[in-house]
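Okay, query04.txt is below, compact mmCIF, C-alpha atoms and all ligand atoms:
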```
# COMPACT_ATOMS: atom_id res chain seq x y z
CA MET A 8 82.26 88.15 66.00
CA ASN A 9 78.81 87.77 64.49
CA GLU A 10 77.54 90.61 62.41
CA LEU A 11 75.14 92.80 64.37
CA ALA A 12 72.22 94.24 62.46
CA HIS A 13 70.91 97.73 62.97
CA LEU A 14 67.66 98.95 61.56
CA HIS A 15 68.33 100.24 58.07
CA PHE A 16 66.44 100.10 54.80
CA ALA A 17 66.65 96.61 53.27
CA ASP A 18 69.47 96.15 50.74
CA ALA A 19 70.91 99.61 51.52
CA ASP A 20 74.30 98.00 51.93
CA ALA A 21 76.62 100.24 49.88
CA SER A 22 79.21 102.42 51.58
CA TYR A 23 78.46 106.13 51.48
CA GLY A 24 81.30 106.66 49.05
CA ASP A 25 79.94 104.12 46.58
CA ALA A 26 76.27 105.04 46.98
CA ARG A 27 74.27 106.78 44.25
CA TYR A 28 71.32 107.17 46.67
CA ALA A 29 71.40 108.10 50.34
CA VAL A 30 68.35 107.29 52.44
CA PHE A 31 67.80 109.17 55.69
CA GLY A 32 64.93 109.42 58.16
CA VAL A 33 63.38 112.44 59.83
CA PRO A 34 61.43 111.20 62.87
CA TYR A 35 59.65 114.50 63.46
CA ASP A 36 56.00 115.40 63.96
CA GLY A 37 56.36 118.58 66.00
CA THR A 38 53.83 120.69 64.08
CA THR A 39 51.26 117.98 63.53
CA SER A 40 47.85 119.57 63.48
CA PHE A 41 45.56 116.60 64.07
CA ARG A 42 46.95 113.21 65.07
CA PRO A 43 50.63 112.78 65.99
CA GLY A 44 52.69 109.71 65.11
CA ALA A 45 54.64 110.51 61.93
CA ARG A 46 57.80 110.49 64.06
CA PHE A 47 57.49 106.70 63.96
CA GLY A 48 57.26 106.66 60.16
CA PRO A 49 60.93 106.12 59.25
CA ARG A 50 61.23 103.11 61.55
CA ALA A 51 58.02 101.57 60.22
CA ILE A 52 59.07 102.09 56.59
CA ARG A 53 62.43 100.45 57.22
CA GLU A 54 60.80 97.51 59.02
CA ALA A 55 58.35 97.06 56.15
CA SER A 56 61.20 97.13 53.62
CA PHE A 57 62.43 93.75 54.87
CA ASN A 58 59.17 92.13 53.80
CA PHE A 59 60.08 92.51 50.13
CA GLU A 60 62.31 90.44 47.87
CA SER A 61 65.49 92.16 46.80
CA TYR A 62 64.43 91.46 43.21
CA GLU A 63 62.30 94.25 41.73
CA PRO A 64 60.52 92.55 38.84
CA SER A 65 59.22 95.62 37.00
CA THR A 66 62.78 96.84 36.37
CA GLY A 67 64.56 93.49 36.51
CA MET A 68 66.89 94.94 39.16
CA ASP A 69 68.07 93.29 42.32
CA LEU A 70 68.05 96.08 44.88
CA TYR A 71 71.22 94.74 46.48
CA GLU A 72 72.99 95.43 43.18
CA VAL A 73 71.97 99.09 43.23
CA PRO A 74 74.43 101.17 45.25
CA PHE A 75 72.44 102.86 47.96
CA THR A 76 73.03 103.51 51.61
CA ASP A 77 71.00 104.37 54.69
CA LEU A 78 72.45 107.11 56.87
CA GLY A 79 69.96 106.53 59.69
CA ASP A 80 67.76 109.11 61.36
CA LEU A 81 68.41 112.77 62.06
CA ALA A 82 68.54 113.65 65.76
CA VAL A 83 65.75 116.13 65.23
CA SER A 84 65.35 119.54 66.79
CA LYS A 85 61.93 120.27 68.25
CA VAL A 86 61.86 123.73 66.67
CA PRO A 87 60.48 123.48 63.14
CA GLU A 88 62.74 126.11 61.53
CA ASP A 89 65.78 124.39 63.07
CA LEU A 90 64.52 121.05 61.79
CA VAL A 91 64.29 122.51 58.30
CA ASP A 92 67.90 123.73 58.61
CA GLN A 93 69.04 120.28 59.75
CA VAL A 94 67.38 118.61 56.78
CA ALA A 95 68.84 121.19 54.40
CA ASP A 96 72.32 120.47 55.78
CA VAL A 97 72.05 116.72 55.31
CA ALA A 98 70.28 116.83 51.95
CA GLY A 99 72.72 119.50 50.77
CA GLU A 100 75.70 117.37 51.69
CA ILE A 101 74.22 114.34 49.90
CA ALA A 102 73.41 116.34 46.78
CA GLY A 103 76.79 118.08 46.93
CA ASP A 104 78.46 114.67 46.89
CA GLY A 105 76.63 113.88 43.65
CA LYS A 106 74.06 111.57 45.23
CA VAL A 107 70.28 111.58 45.28
CA PRO A 108 68.69 112.23 48.69
CA VAL A 109 65.83 109.86 49.58
CA MET A 110 64.06 111.04 52.72
CA LEU A 111 61.71 109.05 54.96
CA GLY A 112 59.23 111.11 57.00
CA GLY A 113 58.26 112.23 59.45
CA GLU A 114 55.94 115.09 58.74
CA HIS A 115 55.98 117.12 55.57
CA THR A 116 57.82 120.10 57.11
CA ALA A 117 61.12 118.30 56.43
CA THR A 118 60.55 118.64 52.69
CA ILE A 119 61.13 122.40 52.88
CA GLY A 120 64.75 121.73 53.88
CA ALA A 121 65.33 119.10 51.22
CA VAL A 122 63.94 121.31 48.45
CA ARG A 123 66.01 124.25 49.69
CA ALA A 124 69.13 122.08 49.45
CA VAL A 125 68.42 120.50 46.07
CA GLN A 126 67.00 123.58 44.28
CA PRO A 127 65.03 121.70 41.62
CA ASP A 128 63.45 123.34 38.59
CA VAL A 129 60.09 121.73 39.31
CA TYR A 130 58.48 120.59 42.56
CA VAL A 131 55.94 117.80 42.11
CA VAL A 132 53.93 116.81 45.17
CA CYS A 133 51.18 114.26 45.72
CA ASP A 134 49.14 115.37 48.71
CA ALA A 135 45.53 115.43 49.90
CA HIS A 136 46.26 118.93 51.14
CA LEU A 137 47.33 122.03 49.27
CA ASP A 138 49.79 122.95 52.08
CA LEU A 139 49.57 126.53 50.82
CA ARG A 140 48.84 128.25 54.11
CA ASP A 141 51.16 131.10 54.90
CA GLU A 142 51.13 130.09 58.55
CA LEU A 143 49.47 127.50 60.78
CA ASP A 144 49.38 127.31 64.58
CA GLY A 145 51.80 130.23 64.79
CA THR A 146 54.56 128.90 62.56
CA PRO A 147 55.28 129.33 58.83
CA TYR A 148 57.10 125.98 58.99
CA SER A 149 54.01 123.92 59.82
CA HIS A 150 53.34 120.82 57.75
CA GLY A 151 50.33 122.76 56.44
CA CYS A 152 52.60 125.38 54.83
CA VAL A 153 55.07 123.25 52.88
CA THR A 154 54.08 124.07 49.32
CA ARG A 155 53.83 127.77 50.20
CA ARG A 156 57.39 127.73 51.54
CA VAL A 157 58.58 125.92 48.41
CA LEU A 158 57.13 128.76 46.33
CA ASP A 159 58.91 131.23 48.65
CA LEU A 160 62.21 129.44 47.94
CA GLY A 161 61.87 130.56 44.35
CA VAL A 162 60.87 127.13 43.12
CA ASP A 163 57.85 128.59 41.38
CA ASP A 164 57.14 125.68 39.05
CA VAL A 165 54.91 123.57 41.27
CA VAL A 166 52.69 120.63 40.31
CA ILE A 167 50.18 119.35 42.88
CA ILE A 168 48.50 115.98 42.30
CA GLY A 169 45.71 114.43 44.36
CA ALA A 170 44.64 117.42 46.46
CA ARG A 171 41.16 117.61 47.91
CA SER A 172 41.57 119.76 51.02
CA GLY A 173 42.36 123.40 51.64
CA ASP A 174 40.54 126.61 52.44
CA ARG A 175 39.21 128.96 49.76
CA GLU A 176 42.30 131.16 49.86
CA GLN A 177 44.62 128.20 49.31
CA PHE A 178 42.62 127.05 46.30
CA GLU A 179 42.92 130.59 44.90
CA VAL A 180 46.69 130.54 45.41
CA ALA A 181 46.83 127.08 43.82
CA ALA A 182 44.91 128.27 40.77
CA GLU A 183 47.18 131.26 40.37
CA ARG A 184 50.63 129.85 41.17
CA THR A 185 50.58 126.06 40.65
CA ARG A 186 49.44 123.37 38.24
CA LEU A 187 46.78 121.63 40.29
CA TYR A 188 45.37 118.19 39.50
CA THR A 189 42.81 117.45 42.19
CA ALA A 190 41.97 113.92 43.30
CA ASP A 191 38.74 114.31 41.32
CA ALA A 192 40.73 115.28 38.21
CA VAL A 193 42.92 112.19 38.62
CA ARG A 194 39.82 110.05 38.88
CA GLU A 195 38.13 111.66 35.87
CA ARG A 196 41.15 111.76 33.55
CA GLY A 197 43.10 108.78 34.83
CA ILE A 198 46.61 109.07 36.23
CA ALA A 199 48.19 108.25 32.85
CA GLY A 200 46.46 111.24 31.24
CA VAL A 201 47.55 113.53 34.05
CA LEU A 202 51.14 112.28 33.97
CA GLY A 203 51.33 112.64 30.19
CA GLU A 204 50.57 116.33 30.60
CA VAL A 205 52.98 116.69 33.53
CA LEU A 206 55.78 115.01 31.57
CA ALA A 207 55.24 117.30 28.60
CA HIS A 208 55.45 120.26 30.97
CA ILE A 209 58.59 118.99 32.69
CA GLY A 210 60.57 118.27 29.54
CA ASP A 211 64.21 117.86 30.60
CA LYS A 212 63.89 119.91 33.77
CA GLN A 213 65.01 118.58 37.16
CA VAL A 214 62.26 117.48 39.50
CA TYR A 215 61.96 117.09 43.25
CA LEU A 216 59.26 114.50 43.94
CA SER A 217 57.49 114.55 47.30
CA ILE A 218 54.85 112.02 48.24
CA ASP A 219 52.68 112.92 51.24
CA ALA A 220 51.20 109.56 52.26
CA ASP A 221 47.76 111.14 52.73
CA ALA A 222 47.49 111.65 48.97
CA ILE A 223 46.26 108.07 49.04
CA ASP A 224 42.66 107.53 50.17
CA CYS A 225 42.67 106.97 53.94
CA CYS A 226 40.32 104.04 53.47
CA LEU A 227 43.22 102.25 51.74
CA THR A 228 46.21 103.39 53.81
CA PRO A 229 44.90 104.65 57.17
CA GLY A 230 48.25 105.24 58.93
CA LEU A 231 48.00 109.00 58.60
CA GLY A 232 48.08 112.09 60.79
CA THR A 233 45.52 113.95 58.70
CA PRO A 234 43.42 111.29 56.96
CA GLU A 235 41.28 112.27 53.97
CA PRO A 236 38.96 109.94 52.06
CA PHE A 237 38.20 110.04 48.31
CA GLY A 238 41.82 110.17 47.31
CA MET A 239 44.31 108.56 44.97
CA THR A 240 45.04 104.84 45.00
CA PRO A 241 48.38 103.15 45.73
CA LEU A 242 48.47 102.23 42.02
CA ASP A 243 48.14 105.92 41.08
CA ILE A 244 51.07 106.77 43.35
CA ARG A 245 53.11 103.94 41.89
CA GLU A 246 52.50 105.34 38.42
CA VAL A 247 53.67 108.77 39.56
CA VAL A 248 56.86 107.31 41.04
CA ARG A 249 57.57 105.10 38.02
CA THR A 250 57.02 107.97 35.60
CA LEU A 251 58.83 110.77 37.41
CA ALA A 252 61.72 108.94 39.12
CA PRO A 253 63.95 109.23 36.01
CA HIS A 254 63.57 113.04 36.16
CA ALA A 255 64.14 113.38 39.90
CA VAL A 256 67.08 114.88 41.77
CA GLY A 257 65.46 114.24 45.15
CA PHE A 258 62.63 112.17 46.61
CA ASP A 259 60.73 111.83 49.82
CA TYR A 260 57.87 109.82 51.24
CA VAL A 261 56.45 111.60 54.28
CA GLU A 262 53.55 111.69 56.75
CA VAL A 263 53.46 107.95 57.48
CA ALA A 264 51.97 107.69 61.00
CA PRO A 265 52.05 103.92 61.24
CA PHE A 266 49.09 103.16 63.50
CA ASP A 267 47.39 100.75 61.13
CA SER A 268 48.06 97.18 60.06
CA GLY A 269 51.21 98.17 58.22
CA GLN A 270 49.58 99.10 54.91
CA THR A 271 50.79 102.70 54.85
CA ALA A 272 54.42 101.83 55.60
CA ALA A 273 54.32 98.91 53.15
CA VAL A 274 53.28 101.20 50.31
CA ALA A 275 55.91 103.74 51.36
CA ALA A 276 58.71 101.16 51.48
CA GLN A 277 57.75 99.76 48.10
CA MET A 278 57.67 103.24 46.58
CA VAL A 279 61.15 104.01 47.94
CA ARG A 280 62.40 100.78 46.36
CA GLU A 281 60.76 101.53 43.03
CA PHE A 282 62.00 105.11 43.04
CA ILE A 283 65.58 103.92 43.45
CA ALA A 284 65.28 101.07 40.93
CA ARG A 285 63.58 103.23 38.30
CA HIS A 286 66.05 106.07 38.68
CA TRP A 287 69.00 103.69 38.48
CA VAL A 288 67.71 101.88 35.39
CA ALA A 289 66.90 105.16 33.65
CA GLU A 290 70.48 106.35 34.09
CA ARG A 291 71.83 103.20 32.46
MN MN B 1 51.51 117.66 53.08
MN MN B 2 48.69 116.01 53.45
```
Would you write the structure of this file as structure tokens?
Ligand code: MN
Ligand code: MN
Amino acid sequence: MNELAHLHFADADASYGDARYAVFGVPYDGTTSFRPGARFGPRAIREASFNFESYEPSTGMDLYEVPFTDLGDLAVSKVPEDLVDQVADVAGEIAGDGKVPVMLGGEHTATIGAVRAVQPDVYVVCDAHLDLRDELDGTPYSHGCVTRRVLDLGVDDVVIIGARSGDREQFEVAAERTRLYTADAVRERGIAGVLGEVLAHIGDKQVYLSIDADAIDCCLTPGLGTPEPFGMTPLDIREVVRTLAPHAVGFDYVEVAPFDSGQTAAVAAQMVREFIARHWVAER
């Protein structure tokens, strides 16, 4: 019989047992505050992944030689706290099996579960938004509360890069409890300067790296539920992924709401590929 293809991330052809990385999707946008659609993110990212050559020239790796697998999408609960539990279960199993979870969003809420499972020393997030609200629209598990919940998990070493949106109270919390590099700071200092400082801070600690797609200027990648202009560039994000992947014990790319010409999912897919290639090469 001919081989039947199902939609998976390109080159994610290893068995689960052999895989060092396990990709999974969380097609959820139940708490979206502005424009829904992130539930279609995982599918769009996987589709975009087939546009790229297996060869990843910056590392010299062929992605098909890197052992990673795609577990598919979670059958998501509609209730945000249940969704967080589901993600924690899956990410916990992956991490418990000695693999690195790589999550495709879906809205940012899912990250709370992944961080809870992985228990990193440091949480680094690129996001237009501070996500430091204690509650939004009646739930503490809104995608506007993610960084606050991470702090509540006891992961109190938090680095935020690219933020430019939040109310006064959130900026006060950020100043007090996080290392905040605003989008303006990235522009003024350059991403290399910012990352040099972040790396010195991280040392040999374990990092969870979360990329909220809206960290990037919405004029460049407009497939977003909560678009914000005057943000980071795709090149800035690539530098973050390249620099921090070797330190990461978990990764996600979330908040892709793919109602654009494919730019947002293309950047996401490429960043997933580079994360995996960079992490793999660094271990060797
Ligand atoms: Mn976010
Ligand atoms: Mn955001």
Proximity check chain A to ligand MN 2 (chain B), 8 Å, nearest pairs one decimal Å, only C-alpha atoms and all ligand atoms, as JSON lines:
```
{"residue": "A:His115", "atom": "CA", "partner": "B:MN2", "partner_atom": "MN", "distance": 7.7}
{"residue": "A:Asp134", "atom": "CA", "partner": "B:MN2", "partner_atom": "MN", "distance": 4.8}
{"residue": "A:Ala135", "atom": "CA", "partner": "B:MN2", "partner_atom": "MN", "distance": 4.8}
{"residue": "A:His136", "atom": "CA", "partner": "B:MN2", "partner_atom": "MN", "distance": 4.4}
{"residue": "A:Leu137", "atom": "CA", "partner": "B:MN2", "partner_atom": "MN", "distance": 7.5}
{"residue": "A:Asp138", "atom": "CA", "partner": "B:MN2", "partner_atom": "MN", "distance": 7.2}
{"residue": "A:His150", "atom": "CA", "partner": "B:MN2", "partner_atom": "MN", "distance": 8.0}
{"residue": "A:Gly151", "atom": "CA", "partner": "B:MN2", "partner_atom": "MN", "distance": 7.6}
{"residue": "A:Asp219", "atom": "CA", "partner": "B:MN2", "partner_atom": "MN", "distance": 5.5}
{"residue": "A:Ala220", "atom": "CA", "partner": "B:MN2", "partner_atom": "MN", "distance": 7.0}
{"residue": "A:Asp221", "atom": "CA", "partner": "B:MN2", "partner_atom": "MN", "distance": 5.0}
{"residue": "A:Ala222", "atom": "CA", "partner": "B:MN2", "partner_atom": "MN", "distance": 6.4}
{"residue": "A:Thr233", "atom": "CA", "partner": "B:MN2", "partner_atom": "MN", "distance": 6.5}
{"residue": "A:Pro234", "atom": "CA", "partner": "B:MN2", "partner_atom": "MN", "distance": 7.9}
{"residue": "A:Glu262", "atom": "CA", "partner": "B:MN2", "partner_atom": "MN", "distance": 7.3}
```
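Atom pair atom CA of Asp18 of chain A / atom CA of Leu90 of chain A: separated by 27.7 Å.
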**Message:** Which residue is closest to Leu231 of chain A? Choose from A:Val263, A:Val122, A:Pro108, A:Thr146 and count all atoms listed in the file.
**Reply:** A:Val263
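Closest approach to ligand MN 1 (chain B) from the set A:Gly232, A:Gly44, A:Gly79, A:Gly200 is made by A:Gly232, with distances taken over all atoms listed in the file.
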Give me the residues near Pro87 of chain A as a tab-separated table (two decimals) with C-alpha atoms, keeping the file's coordinate frame, where near means some atom within 10 Å (using all atoms listed in the file) and where sequence neighbours in that chain fewer than 4 positions away do not count.
```
chain	number	residue	atom	x	y	z
A	35	TYR	CA	59.65	114.50	63.46
A	36	ASP	CA	56.00	115.40	63.96
A	37	GLY	CA	56.36	118.58	66.00
A	38	THR	CA	53.83	120.69	64.08
A	83	VAL	CA	65.75	116.13	65.23
A	91	VAL	CA	64.29	122.51	58.30
A	92	ASP	CA	67.90	123.73	58.61
A	93	GLN	CA	69.04	120.28	59.75
A	116	THR	CA	57.82	120.10	57.11
A	117	ALA	CA	61.12	118.30	56.43
A	146	THR	CA	54.56	128.90	62.56
A	147	PRO	CA	55.28	129.33	58.83
A	148	TYR	CA	57.10	125.98	58.99
A	149	SER	CA	54.01	123.92	59.82
A	150	HIS	CA	53.34	120.82	57.75
```
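Minimum distance to Val180 of chain A across A:Arg280, A:Arg156, A:Arg249, A:Arg140 (counting all atoms listed in the file) occurs at A:Arg140.
Distances here use all atoms listed in the file; by that measure, the residue among A:Glu114, A:Asp164, A:Glu183, A:Asp224 closest to ligand MN 1 (chain B) is A:Glu114.
Candidate residues A:Pro64, A:Gly230, A:Pro265, A:Pro236 were compared for distance to Pro49 of chain A, and the nearest is A:Pro265, using only C-alpha atoms.
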